[in-house]
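The data block below is final-v9.cif; it holds mmCIF, C-alpha atoms.
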```cif
data_protein
loop_
_atom_site.label_atom_id
_atom_site.label_comp_id
_atom_site.auth_asym_id
_atom_site.auth_seq_id
_atom_site.Cartn_x
_atom_site.Cartn_y
_atom_site.Cartn_z
CA MET I 1 0.00 0.00 0.00
CA MET I 2 1.26 3.49 -0.84
CA THR I 3 2.06 5.74 2.11
CA ASN I 4 1.01 9.39 2.26
CA THR I 5 4.65 10.35 1.78
CA GLN I 6 4.88 8.29 -1.40
CA ILE I 7 1.63 9.76 -2.71
CA SER I 8 2.83 13.32 -2.08
CA ALA I 9 6.15 12.60 -3.77
CA LEU I 10 4.37 11.17 -6.81
CA LEU I 11 2.11 14.23 -7.11
CA ASP I 12 4.97 16.71 -6.60
CA GLY I 13 7.16 14.96 -9.16
CA ALA I 14 4.34 14.93 -11.71
CA ARG I 15 3.73 18.66 -11.17
CA GLN I 16 7.41 19.46 -11.75
CA LYS I 17 7.40 17.70 -15.11
CA LEU I 18 4.53 19.90 -16.31
CA THR I 19 6.06 23.31 -15.57
CA GLN I 20 6.54 24.40 -19.19
CA ARG I 21 3.12 23.13 -20.24
CA PHE I 22 1.50 25.13 -17.45
CA LEU I 23 3.25 28.30 -18.61
CA ALA I 24 1.83 27.78 -22.11
CA LEU I 25 -1.65 27.32 -20.65
CA GLU I 26 -1.36 30.58 -18.73
CA ALA I 27 -0.44 32.45 -21.93
CA MET I 28 -3.53 30.99 -23.60
CA GLU I 29 -5.65 32.00 -20.62
CA GLN I 30 -4.54 35.60 -20.96
CA GLU I 31 -5.54 35.70 -24.63
CA ASN I 32 -8.94 34.19 -23.92
CA PHE I 33 -9.52 36.49 -20.96
CA SER I 34 -8.70 39.53 -23.10
CA ARG I 35 -11.33 38.46 -25.62
CA VAL I 36 -13.95 38.12 -22.88
CA MET I 37 -13.05 41.49 -21.36
CA ASP I 38 -13.18 43.19 -24.75
CA ALA I 39 -16.70 41.82 -25.25
CA PHE I 40 -17.86 43.05 -21.81
CA ARG I 41 -16.51 46.52 -22.57
CA ALA I 42 -17.89 46.66 -26.10
CA GLU I 43 -21.40 45.81 -24.88
CA ARG I 44 -21.10 48.20 -21.93
CA VAL I 45 -22.15 45.66 -19.32
CA ALA I 46 -23.62 47.44 -16.30
CA VAL I 47 -25.13 46.57 -12.92
CA ARG I 48 -28.63 47.02 -14.32
CA HIS I 49 -28.06 44.02 -16.60
CA PHE I 50 -27.97 41.70 -13.57
CA ALA I 51 -31.58 42.43 -12.52
CA PRO I 52 -34.14 39.62 -12.41
CA THR I 53 -37.20 39.74 -14.65
CA SER I 54 -40.60 38.07 -14.57
CA GLY I 55 -43.52 37.26 -16.81
CA TYR I 56 -42.96 37.26 -20.53
CA GLY I 57 -39.59 38.95 -20.31
CA TYR I 58 -40.22 41.45 -23.10
CA GLY I 59 -37.39 43.98 -23.27
CA ASP I 60 -35.13 42.00 -20.90
CA ASP I 61 -31.95 43.99 -21.44
CA GLY I 62 -29.80 41.81 -19.20
CA ARG I 63 -30.70 38.72 -21.19
CA ASP I 64 -30.19 40.41 -24.55
CA VAL I 65 -26.83 41.97 -23.65
CA LEU I 66 -25.59 38.65 -22.27
CA GLU I 67 -26.38 37.04 -25.63
CA ARG I 68 -24.52 39.78 -27.50
CA VAL I 69 -21.49 39.31 -25.21
CA PHE I 70 -21.46 35.57 -25.95
CA ALA I 71 -21.70 36.24 -29.69
CA ARG I 72 -18.69 38.57 -29.53
CA VAL I 73 -16.65 36.13 -27.45
CA PHE I 74 -17.41 33.33 -29.91
CA GLY I 75 -16.79 35.47 -33.00
CA CYS I 76 -20.22 34.90 -34.54
CA GLU I 77 -23.35 36.80 -35.57
CA ASP I 78 -25.71 35.79 -32.80
CA ALA I 79 -26.19 33.68 -29.69
CA LEU I 80 -29.12 32.27 -27.75
CA VAL I 81 -28.12 32.03 -24.07
CA ARG I 82 -30.94 30.92 -21.82
CA PRO I 83 -31.44 29.55 -18.31
CA ALA I 84 -34.44 27.65 -19.73
CA ILE I 85 -32.05 25.34 -21.61
CA ALA I 86 -31.75 22.55 -19.07
CA SER I 87 -28.59 20.77 -20.24
CA GLY I 88 -26.15 20.23 -23.08
CA THR I 89 -28.36 17.46 -24.47
CA HIS I 90 -31.35 19.81 -24.35
CA ALA I 91 -29.38 22.48 -26.21
CA LEU I 92 -28.33 19.97 -28.88
CA ALA I 93 -31.88 18.67 -29.29
CA LEU I 94 -33.19 22.22 -29.49
CA CYS I 95 -30.70 23.03 -32.23
CA LEU I 96 -31.38 19.86 -34.24
CA PHE I 97 -35.15 20.26 -34.07
CA GLY I 98 -34.78 23.92 -34.95
CA LEU I 99 -32.72 23.26 -38.07
CA LEU I 100 -34.17 20.00 -39.44
CA ARG I 101 -37.50 19.36 -41.12
CA PRO I 102 -39.35 16.16 -42.13
CA GLY I 103 -37.53 14.50 -45.02
CA ASP I 104 -34.17 16.07 -44.17
CA ILE I 105 -31.11 13.96 -43.43
CA LEU I 106 -28.82 14.46 -40.45
CA VAL I 107 -25.25 13.21 -40.90
CA ALA I 108 -23.13 12.50 -37.82
CA GLY I 109 -19.69 13.23 -39.25
CA SER I 110 -17.63 12.20 -36.22
CA GLY I 111 -19.04 8.76 -35.56
CA LYS I 112 -21.68 7.77 -33.04
CA PRO I 113 -22.66 10.80 -30.98
CA TYR I 114 -22.75 11.00 -27.19
CA ASP I 115 -25.01 8.42 -25.55
CA THR I 116 -27.80 10.81 -24.54
CA LEU I 117 -28.33 11.87 -28.18
CA GLU I 118 -29.29 8.35 -29.26
CA SER I 119 -32.83 8.86 -27.97
CA VAL I 120 -33.01 12.34 -29.49
CA ILE I 121 -32.07 11.00 -32.93
CA GLY I 122 -34.15 7.84 -32.61
CA LEU I 123 -31.39 5.22 -32.55
CA THR I 124 -32.89 3.32 -29.61
CA ASP I 125 -35.98 1.14 -29.38
CA GLU I 126 -37.89 3.83 -27.51
CA VAL I 127 -40.95 5.07 -29.40
CA GLY I 128 -43.50 7.76 -28.77
CA GLN I 129 -41.01 10.20 -27.25
CA GLY I 130 -40.82 12.51 -30.25
CA SER I 131 -37.38 11.68 -31.63
CA LEU I 132 -36.11 13.14 -34.90
CA ARG I 133 -36.81 9.80 -36.52
CA GLU I 134 -40.47 9.97 -35.48
CA PHE I 135 -40.68 13.40 -37.11
CA GLY I 136 -39.38 12.00 -40.40
CA VAL I 137 -35.73 13.06 -40.14
CA GLU I 138 -33.34 10.41 -41.46
CA TYR I 139 -29.91 9.68 -40.04
CA ARG I 140 -26.56 8.75 -41.52
CA GLN I 141 -23.32 8.10 -39.67
CA VAL I 142 -19.73 8.44 -40.85
CA ASP I 143 -17.40 6.65 -38.45
CA LEU I 144 -14.02 8.09 -37.59
CA ASN I 145 -10.94 6.81 -39.37
CA LYS I 146 -7.99 6.53 -36.97
CA ASP I 147 -9.53 9.05 -34.54
CA ASP I 148 -10.12 11.59 -37.31
CA VAL I 149 -13.05 12.64 -39.45
CA ASP I 150 -13.19 10.48 -42.58
CA LEU I 151 -13.55 13.46 -44.87
CA ASP I 152 -13.79 11.50 -48.11
CA ALA I 153 -16.61 9.34 -46.74
CA LEU I 154 -18.34 12.38 -45.28
CA LEU I 155 -18.27 14.25 -48.58
CA LEU I 156 -19.78 11.22 -50.32
CA THR I 157 -22.87 11.48 -48.11
CA LEU I 158 -23.43 15.00 -49.45
CA GLU I 159 -24.35 13.58 -52.85
CA GLU I 160 -27.78 12.97 -51.35
CA PRO I 161 -29.53 16.36 -51.81
CA ARG I 162 -31.68 15.90 -48.69
CA VAL I 163 -28.67 16.17 -46.36
CA LYS I 164 -29.31 19.30 -44.33
CA VAL I 165 -27.02 19.17 -41.29
CA VAL I 166 -23.59 17.69 -40.66
CA ALA I 167 -23.10 17.32 -36.90
CA LEU I 168 -19.60 17.11 -35.43
CA GLN I 169 -18.79 16.29 -31.81
CA ARG I 170 -15.68 18.09 -30.63
CA SER I 171 -15.22 16.14 -27.41
CA ARG I 172 -14.44 12.44 -27.10
CA GLY I 173 -17.63 11.67 -25.17
CA TYR I 174 -17.51 8.12 -23.81
CA ASP I 175 -14.94 7.10 -26.39
CA TRP I 176 -11.26 6.25 -26.39
CA ARG I 177 -10.23 8.75 -29.05
CA ALA I 178 -8.59 12.11 -29.41
CA SER I 179 -10.96 15.06 -29.32
CA LEU I 180 -11.24 17.08 -32.52
CA SER I 181 -9.21 20.27 -32.75
CA VAL I 182 -10.74 23.60 -33.70
CA ALA I 183 -8.43 23.71 -36.71
CA ARG I 184 -9.68 20.32 -37.90
CA LEU I 185 -13.31 21.33 -37.40
CA GLY I 186 -12.60 24.37 -39.58
CA GLU I 187 -11.07 22.20 -42.30
CA VAL I 188 -14.08 19.89 -42.31
CA ALA I 189 -16.50 22.84 -42.43
CA ALA I 190 -14.61 24.38 -45.36
CA ALA I 191 -14.68 21.10 -47.31
CA VAL I 192 -18.41 20.60 -46.65
CA HIS I 193 -19.25 24.15 -47.68
CA GLN I 194 -17.15 23.89 -50.82
CA ARG I 195 -19.08 20.77 -51.85
CA ARG I 196 -22.48 21.89 -50.55
CA PRO I 197 -22.78 25.55 -49.47
CA ASP I 198 -26.35 24.89 -48.32
CA VAL I 199 -25.40 22.25 -45.74
CA ILE I 200 -25.19 23.42 -42.13
CA VAL I 201 -22.13 22.38 -40.10
CA MET I 202 -23.15 22.10 -36.46
CA VAL I 203 -20.68 21.44 -33.62
CA ASP I 204 -21.33 19.97 -30.20
CA ASN I 205 -18.86 22.21 -28.36
CA CYS I 206 -19.45 20.81 -24.86
CA TYR I 207 -16.25 20.63 -22.76
CA GLY I 208 -14.30 22.58 -25.39
CA GLU I 209 -14.83 26.29 -24.71
CA PHE I 210 -11.64 28.25 -23.87
CA VAL I 211 -9.43 25.19 -24.24
CA LYS I 212 -7.97 26.95 -27.28
CA THR I 213 -7.88 30.61 -28.30
CA GLN I 214 -10.53 30.04 -30.98
CA GLU I 215 -13.92 28.34 -31.05
CA PRO I 216 -15.51 26.45 -33.98
CA THR I 217 -17.49 29.53 -35.03
CA HIS I 218 -14.22 31.43 -35.45
CA VAL I 219 -13.11 28.99 -38.16
CA GLY I 220 -16.20 28.66 -40.34
CA CYS I 221 -18.55 26.27 -38.54
CA ASP I 222 -22.12 27.54 -38.89
CA ILE I 223 -23.48 26.91 -35.42
CA MET I 224 -22.33 25.41 -32.13
CA VAL I 225 -23.95 24.31 -28.93
CA GLY I 226 -22.88 24.06 -25.30
CA SER I 227 -23.89 23.94 -21.65
CA LEU I 228 -23.46 26.77 -19.15
CA ILE I 229 -22.73 24.36 -16.30
CA LYS I 230 -19.67 23.30 -18.23
CA ASN I 231 -16.83 25.56 -19.38
CA PRO I 232 -18.49 28.89 -20.28
CA GLY I 233 -20.38 29.15 -16.98
CA GLY I 234 -17.12 29.34 -15.06
CA GLY I 235 -18.53 27.33 -12.17
CA LEU I 236 -21.00 30.09 -11.26
CA ALA I 237 -23.82 29.75 -13.80
CA PRO I 238 -26.54 27.78 -11.97
CA THR I 239 -28.16 26.35 -15.09
CA GLY I 240 -28.59 26.98 -18.81
CA GLY I 241 -27.13 26.42 -22.23
CA TYR I 242 -26.26 28.30 -25.39
CA ILE I 243 -26.52 28.10 -29.17
CA ALA I 244 -24.23 30.43 -31.14
CA GLY I 245 -23.50 31.00 -34.81
CA ARG I 246 -25.13 32.36 -37.94
CA GLY I 247 -27.96 34.74 -37.16
CA ASP I 248 -30.58 33.03 -39.33
CA LEU I 249 -29.85 29.64 -37.80
CA VAL I 250 -29.93 30.90 -34.22
CA GLU I 251 -33.29 32.50 -35.00
CA LYS I 252 -34.70 29.14 -36.14
CA CYS I 253 -33.58 27.60 -32.86
CA ALA I 254 -35.21 30.44 -30.93
CA TYR I 255 -38.54 29.65 -32.59
CA ARG I 256 -38.16 26.07 -31.41
CA LEU I 257 -37.31 27.23 -27.88
CA THR I 258 -40.54 29.20 -27.48
CA SER I 259 -42.91 29.23 -30.47
CA PRO I 260 -43.09 30.34 -34.11
CA GLY I 261 -43.74 34.06 -34.35
CA ILE I 262 -42.35 34.75 -30.87
CA GLY I 263 -38.88 33.24 -30.73
CA ARG I 264 -36.30 35.00 -28.60
CA GLU I 265 -38.49 37.96 -27.64
CA VAL I 266 -39.75 36.25 -24.50
CA GLY I 267 -38.10 34.44 -21.63
CA SER I 268 -37.66 35.94 -18.18
CA TYR I 269 -35.45 34.81 -15.30
CA MET I 270 -36.27 35.63 -11.69
CA GLY I 271 -32.83 34.54 -10.51
CA GLY I 272 -31.02 37.49 -12.08
CA TYR I 273 -28.13 37.31 -14.53
CA ASP I 274 -25.13 38.25 -12.40
CA ARG I 275 -23.86 34.66 -12.04
CA PHE I 276 -24.01 34.13 -15.81
CA TYR I 277 -21.98 37.27 -16.49
CA GLN I 278 -19.48 36.62 -13.73
CA GLY I 279 -19.19 32.96 -14.69
CA LEU I 280 -18.26 33.91 -18.26
CA PHE I 281 -15.79 36.47 -16.86
CA LEU I 282 -14.08 33.72 -14.83
CA ALA I 283 -14.36 30.98 -17.46
CA PRO I 284 -10.92 31.39 -19.13
CA HIS I 285 -9.21 31.05 -15.75
CA VAL I 286 -11.39 28.20 -14.51
CA VAL I 287 -10.91 26.21 -17.73
CA THR I 288 -7.14 26.69 -17.45
CA GLU I 289 -7.22 25.36 -13.88
CA ALA I 290 -9.21 22.34 -15.07
CA LEU I 291 -6.70 21.70 -17.85
CA LYS I 292 -3.82 21.81 -15.39
CA GLY I 293 -5.64 19.29 -13.24
CA ALA I 294 -6.28 17.02 -16.23
CA MET I 295 -2.60 17.13 -17.18
CA LEU I 296 -1.55 16.27 -13.64
CA THR I 297 -3.98 13.34 -13.60
CA SER I 298 -2.59 12.10 -16.90
CA GLN I 299 1.00 12.39 -15.66
CA VAL I 300 0.26 10.55 -12.41
CA PHE I 301 -1.71 7.65 -13.85
CA SER I 302 0.68 7.28 -16.77
CA ALA I 303 3.53 6.94 -14.24
CA LEU I 304 1.51 4.23 -12.48
CA GLY I 305 1.27 2.24 -15.72
CA PHE I 306 -2.29 3.00 -16.77
CA ALA I 307 -3.19 3.87 -20.35
CA VAL I 308 -4.28 7.51 -20.50
CA SER I 309 -5.74 9.78 -23.16
CA PRO I 310 -4.58 12.44 -23.77
CA GLN I 311 -0.98 11.75 -22.80
CA PRO I 312 0.57 14.37 -20.47
CA GLU I 313 2.36 16.17 -23.33
CA GLU I 314 -0.36 15.67 -25.92
CA GLU I 315 -2.45 18.48 -27.42
CA ARG I 316 -5.75 19.00 -25.63
CA ASN I 317 -9.01 20.02 -27.25
CA ASP I 318 -11.36 19.54 -24.30
CA ILE I 319 -11.11 19.30 -20.52
CA ILE I 320 -11.70 15.53 -20.33
CA GLN I 321 -9.05 13.10 -19.12
CA ALA I 322 -9.64 9.43 -19.89
CA ILE I 323 -7.99 6.61 -17.93
CA GLN I 324 -8.29 2.96 -18.87
CA PHE I 325 -8.57 0.73 -15.79
CA GLY I 326 -9.20 -2.65 -17.41
CA ASN I 327 -11.67 -3.75 -14.74
CA ALA I 328 -14.81 -2.44 -13.09
CA GLU I 329 -13.23 -2.42 -9.60
CA GLY I 330 -10.54 0.08 -10.53
CA LEU I 331 -12.98 2.33 -12.38
CA ILE I 332 -15.47 2.36 -9.51
CA ALA I 333 -12.76 2.99 -6.92
CA PHE I 334 -11.43 5.93 -8.93
CA CYS I 335 -14.84 7.57 -9.11
CA GLN I 336 -15.48 6.93 -5.43
CA GLY I 337 -12.17 8.56 -4.55
CA ILE I 338 -13.18 11.67 -6.48
CA GLN I 339 -16.50 11.79 -4.62
CA TYR I 340 -14.83 11.39 -1.22
CA ALA I 341 -12.66 14.44 -2.01
CA SER I 342 -15.59 16.65 -3.06
CA PRO I 343 -16.70 19.77 -1.16
CA VAL I 344 -20.33 18.60 -1.30
CA ASP I 345 -21.57 15.09 -0.40
CA SER I 346 -18.10 13.78 0.39
CA HIS I 347 -19.77 11.22 2.67
CA VAL I 348 -21.68 9.65 -0.24
CA THR I 349 -20.46 6.51 -2.02
CA PRO I 350 -21.39 6.51 -5.71
CA GLU I 351 -22.42 3.21 -7.27
CA PRO I 352 -23.29 2.25 -10.87
CA TRP I 353 -26.96 2.68 -11.79
CA ALA I 354 -29.30 2.72 -14.78
CA MET I 355 -29.28 6.43 -15.54
CA PRO I 356 -31.94 7.73 -17.99
CA GLY I 357 -30.58 8.35 -21.49
CA TYR I 358 -27.68 5.87 -21.20
CA GLN I 359 -27.51 2.36 -22.62
CA ASP I 360 -25.21 0.93 -19.89
CA GLN I 361 -25.11 1.36 -16.15
CA VAL I 362 -23.23 4.56 -15.32
CA ILE I 363 -21.26 5.67 -12.27
CA MET I 364 -21.06 9.38 -11.58
CA ALA I 365 -19.02 11.21 -8.96
CA ALA I 366 -20.01 14.85 -8.70
CA GLY I 367 -19.97 16.49 -5.29
CA THR I 368 -20.55 19.90 -6.84
CA PHE I 369 -22.01 23.23 -5.74
CA VAL I 370 -24.10 23.34 -8.93
CA SER I 371 -25.76 19.95 -9.34
CA GLY I 372 -24.16 18.01 -12.19
CA ALA I 373 -21.79 20.83 -13.16
CA SER I 374 -18.94 19.14 -15.00
CA ILE I 375 -16.72 22.22 -14.96
CA GLU I 376 -16.47 21.39 -11.27
CA LEU I 377 -14.38 18.33 -10.52
CA SER I 378 -16.30 15.21 -11.45
CA ALA I 379 -15.79 11.76 -12.91
CA ASP I 380 -18.15 9.39 -14.64
CA ALA I 381 -18.20 6.37 -16.90
CA PRO I 382 -20.38 3.65 -18.35
CA ILE I 383 -19.66 0.29 -16.79
CA ARG I 384 -18.44 -1.51 -19.89
CA ALA I 385 -15.13 -2.93 -21.09
CA PRO I 386 -12.37 -1.76 -21.21
CA TYR I 387 -13.62 0.23 -18.18
CA ILE I 388 -12.54 3.75 -18.99
CA GLY I 389 -13.02 6.53 -16.46
CA TYR I 390 -13.61 10.08 -17.67
CA MET I 391 -12.56 12.88 -15.34
CA GLN I 392 -13.30 16.50 -16.07
CA GLY I 393 -13.36 19.89 -14.44
CA GLY I 394 -11.86 21.36 -11.32
CA LEU I 395 -12.51 24.98 -10.38
CA THR I 396 -9.02 25.15 -8.92
CA PHE I 397 -5.86 23.15 -9.55
CA SER I 398 -5.49 22.81 -5.78
CA HIS I 399 -8.72 20.87 -5.59
CA VAL I 400 -7.69 18.45 -8.32
CA ARG I 401 -4.35 17.79 -6.64
CA TYR I 402 -6.07 17.29 -3.30
CA ALA I 403 -8.60 14.90 -4.88
CA LEU I 404 -5.90 12.87 -6.62
CA GLY I 405 -4.27 12.26 -3.25
CA HIS I 406 -7.53 10.80 -1.96
CA VAL I 407 -8.06 8.75 -5.12
CA LEU I 408 -4.60 7.21 -4.83
CA GLU I 409 -5.11 6.47 -1.15
CA HIS I 410 -8.50 4.85 -1.78
CA MET I 411 -7.26 2.73 -4.66
CA SER I 412 -4.17 1.73 -2.72
CA GLN I 413 -6.25 0.57 0.24
CA LYS I 414 -8.20 -1.67 -2.12
CA GLY I 415 -5.00 -3.11 -3.57
CA LEU I 416 -5.64 -1.65 -7.02
CA ILE I 417 -2.35 0.27 -7.31
#
```
As structure tokens, the full file:
Amino acid sequence: MMTNTQISALLDGARQKLTQRFLALEAMEQENFSRVMDAFRAERVAVRHFAPTSGYGYGDDGRDVLERVFARVFGCEDALVRPAIASGTHALALCLFGLLRPGDILVAGSGKPYDTLESVIGLTDEVGQGSLREFGVEYRQVDLNKDDVDLDALLLTLEEPRVKVVALQRSRGYDWRASLSVARLGEVAAAVHQRRPDVIVMVDNCYGEFVKTQEPTHVGCDIMVGSLIKNPGGGLAPTGGYIAGRGDLVEKCAYRLTSPGIGREVGSYMGGYDRFYQGLFLAPHVVTEALKGAMLTSQVFSALGFAVSPQPEEERNDIIQAIQFGNAEGLIAFCQGIQYASPVDSHVTPEPWAMPGYQDQVIMAAGTFVSGASIELSADAPIRAPYIGYMQGGLTFSHVRYALGHVLEHMSQKGLI
């Protein structure tokens, strides 16, 4: 069993090896923070924009200015940023239903999408829930080729004139693959538009915001979607999601959010908008802290002989760190260790369960201030071979380091390391 002294030495040694990488992350943080600050100043954000509203929300200046700030930060024409969007999956479904019509074809250009979208698309046996398939939208899938978009195969699907949307998932999801870079997403979008200018390139940007100095909408992707309790909420946003991109496309999604003829003009929020503004203000720093924690985790578990993705020195395009345990016991113990080192519910022991929207039992460790917020330190995984754990978030590097100490102690006590 590892002693506390050995655990501390392992963590300190791993941190030393990452010094230069951390300096590069801090330079990136400064560039991203400058872009956020420039947007706040350009839109003249003021205290009055934090005020709560009620009823229909007509003329809600705080809501409207927040959306313009997001659009500036993401380098696009428009953004829909709403507390009423309950999750990343909800935002993705909202976007897909807003853009697609009966008879259209949706192409998943980066392989099978995240598990919770299977029911949205209609890939499961569930019926009567209003999936895209039930509304007459057809689905095609282009699997990845060596962890990369198979561009030739994707372009072949565009020969069918009914293809309307090409969806790309930036993050790895529950997959052992590299996440897609912003540069690669831009290349794919350019190739699709060259072949079919009418096809919409949509990006699931969850877990990716502020990991680089550009977002998919900076490099030619038409529209992107994310959750505010992930990166762009900075750990403060209590709920919500966003859709950002071309103005005409965002407008279509707004009609789906409320109703045709009304769209974005309504939607109040009695909680007030200060935490959304301040969360975005903090987001570049918080994401950088999470990235540092992910790198440390990769360095530590790589040193212990586990397969990790990304590797400590590898390019990162999201905040997720994957670790392959090879057995359910190691995976479960890892997640439990994260939970035991959480600021909330540290006394709770997570166990695998049949979570709605997932096809396998899932274990989730998330002792977070905002329920389910994966920009806060959390870990989750489906219980299936080869038993890969996915860790993400960490509002501070100190918390990740602290949690890793508890994880190592817990796994050591169980004889797993």
Practice task
Please write as a ChimeraX atom specification the full residue list that the PyMOL selection byres ((chain I and resi 379) around 7) yields on this file.
Solution key: /I:335,338,364-366,378,380,389-392
Completion exercise
From the list I:Glu313, I:Glu160, I:Asp204, I:Glu187, the nearest residue to I:Asp148 using all atoms listed in the file is I:Glu187
Give me the residues of stretch 62-147 of chain I that have any atom at most 7 Å from an atom of stretch 205-226 of chain I; for each, the nearest atom pair and the distance in Å, rounded to one decimal. Use only C-alpha atoms, sort by chain and number, and format it as a tab-separated table.
```
residue	atom	partner	partner_atom	distance
I:Phe74	CA	I:Glu215	CA	6.2
I:Gly75	CA	I:His218	CA	5.4
I:Cys76	CA	I:Thr217	CA	6.0
I:Gly88	CA	I:Gly226	CA	5.5
I:Ala91	CA	I:Val225	CA	6.3
I:Leu92	CA	I:Val225	CA	6.2
```
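Across I:Ser342, I:Asn32, I:Gln278, I:Ser131, the tightest approach to I:Thr368 is made by I:Ser342 when counting only C-alpha atoms.
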Using the chain letters and numbers from the file, give me the residues hit by the PyMOL selection byres ((chain I and resi 337) around 6), as a tab-separated table (two decimals) with C-alpha atoms, in the frame of the given file.
```tsv
chain	number	residue	atom	x	y	z
I	334	PHE	CA	-11.43	5.93	-8.93
I	335	CYS	CA	-14.84	7.57	-9.11
I	336	GLN	CA	-15.48	6.93	-5.43
I	338	ILE	CA	-13.18	11.67	-6.48
I	339	GLN	CA	-16.50	11.79	-4.62
I	340	TYR	CA	-14.83	11.39	-1.22
I	406	HIS	CA	-7.53	10.80	-1.96
I	407	VAL	CA	-8.06	8.75	-5.12
I	410	HIS	CA	-8.50	4.85	-1.78
```
Problem - the PyMOL selection byres ((chain I and resi 409) around 9) applied to the shown file, residues as an NGL selection string - result: :I and (1-4 or 7 or 337 or 404-408 or 410-414)
Fill in the blank from the handout: Between I:Gly415, I:Arg72, I:Asp61, I:Ile323, smallest distance to I:Arg35 by only C-alpha atoms belongs to I:Arg72
Problem - Spatial neighbours of I:Glu77, max dist 9 Å, all atoms listed in the file, sep filter under 5 positions, as number ranges by chain - result: I: 68, 71-72, 244-248, 250
Practice task
For each of I:Asp115, I:Glu251, I:Asp360, I:Asp104, take the minimum atom-to-atom distance to I:Leu132, counting all atoms listed in the file, then give the residue where this is smallest.
Solution key: I:Asp104
Problem - Among listed residues I:Asp345, I:Glu376, I:Asp152, I:Asp12, nearest I:Ile319 (using only C-alpha atoms) - result: I:Glu376
Exercise for the section: For atom CA of I:Gln6 and atom CA of I:Glu314, determine how far apart the two atoms are, in Å to one decimal place. Expected result: 26.1 Å
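Atom to atom, atom CA of I:Val81 and atom CA of I:Gly59 stand 15.1 Å apart.
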Problem - Atom pair atom CA of I:Gln361 / atom CA of I:Gly326: separation (Å) - result: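 Rounded to one decimal, the two atoms are 16.5 Å apart.
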Exercise for the section: Can you pull out every residue within 12 Å of I:Ser227, counting all atoms listed in the file, but drop anything in the same chain fewer than 5 positions away, and send it as a PyMOL selection string? Expected result: chain I and resi 80-92+204-209+232-235+237-244+276+280+372-375
Handout entry: Contacts of stretch 137-143 of chain I at 8 Å (only C-alpha atoms; same-chain gap of 4+ positions) as a PyMOL selection string
Key = chain I and resi 100-112+121+132-133+149-150+153-154
Completion exercise
One residue among I:Glu67, I:Asp274, I:Glu351, I:Asp318 is nearest to I:Ala46 when using all atoms listed in the file, and that residue is I:Asp274
Exercise for the section: Excluding I:Phe40 and any residue of its chain fewer than 3 positions from it, enumerate the residues within 10 Å of it, using all atoms listed in the file, and give them as a list in words. Expected result: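 Counting all atoms listed in the file, the residues come to Ser34, Arg35, Val36, Met37, Glu43, Arg44, Val45, Ala46, Val65, Leu66, Arg68, Val69, Phe70, Arg72, Val73, Tyr277, Leu280 and Phe281 of chain I.
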Where atoms are missing, can you supply N, CA and C atoms for stretch 139-150 of chain I and output the lot as an mmCIF file, keeping the file's coordinate frame?
```
data_model
loop_
_atom_site.group_PDB
_atom_site.id
_atom_site.type_symbol
_atom_site.label_atom_id
_atom_site.label_comp_id
_atom_site.auth_asym_id
_atom_site.auth_seq_id
_atom_site.Cartn_x
_atom_site.Cartn_y
_atom_site.Cartn_z
ATOM 1 N N TYR I 139 -31.221 9.589 -40.686
ATOM 2 C CA TYR I 139 -29.910 9.680 -40.040
ATOM 3 C C TYR I 139 -28.887 8.865 -40.793
ATOM 4 N N ARG I 140 -27.707 9.459 -40.967
ATOM 5 C CA ARG I 140 -26.560 8.750 -41.520
ATOM 6 C C ARG I 140 -25.378 8.968 -40.572
ATOM 7 N N GLN I 141 -24.480 8.008 -40.558
ATOM 8 C CA GLN I 141 -23.320 8.100 -39.670
ATOM 9 C C GLN I 141 -22.043 7.796 -40.418
ATOM 10 N N VAL I 142 -21.049 8.657 -40.269
ATOM 11 C CA VAL I 142 -19.730 8.440 -40.850
ATOM 12 C C VAL I 142 -18.769 8.208 -39.692
ATOM 13 N N ASP I 143 -18.285 6.984 -39.565
ATOM 14 C CA ASP I 143 -17.400 6.650 -38.450
ATOM 15 C C ASP I 143 -16.027 7.301 -38.646
ATOM 16 N N LEU I 144 -15.356 7.523 -37.539
ATOM 17 C CA LEU I 144 -14.020 8.090 -37.590
ATOM 18 C C LEU I 144 -13.036 7.093 -38.202
ATOM 19 N N ASN I 145 -12.014 7.622 -38.799
ATOM 20 C CA ASN I 145 -10.940 6.810 -39.370
ATOM 21 C C ASN I 145 -9.652 7.172 -38.636
ATOM 22 N N LYS I 146 -9.190 6.270 -37.772
ATOM 23 C CA LYS I 146 -7.990 6.530 -36.970
ATOM 24 C C LYS I 146 -8.136 7.810 -36.143
ATOM 25 N N ASP I 147 -9.247 7.911 -35.446
ATOM 26 C CA ASP I 147 -9.530 9.050 -34.540
ATOM 27 C C ASP I 147 -9.745 10.371 -35.255
ATOM 28 N N ASP I 148 -9.943 10.351 -36.560
ATOM 29 C CA ASP I 148 -10.120 11.590 -37.310
ATOM 30 C C ASP I 148 -11.360 11.471 -38.184
ATOM 31 N N VAL I 149 -11.911 12.618 -38.542
ATOM 32 C CA VAL I 149 -13.050 12.640 -39.450
ATOM 33 C C VAL I 149 -12.639 12.031 -40.793
ATOM 34 N N ASP I 150 -13.429 11.091 -41.275
ATOM 35 C CA ASP I 150 -13.190 10.480 -42.580
ATOM 36 C C ASP I 150 -13.799 11.406 -43.628
#
```
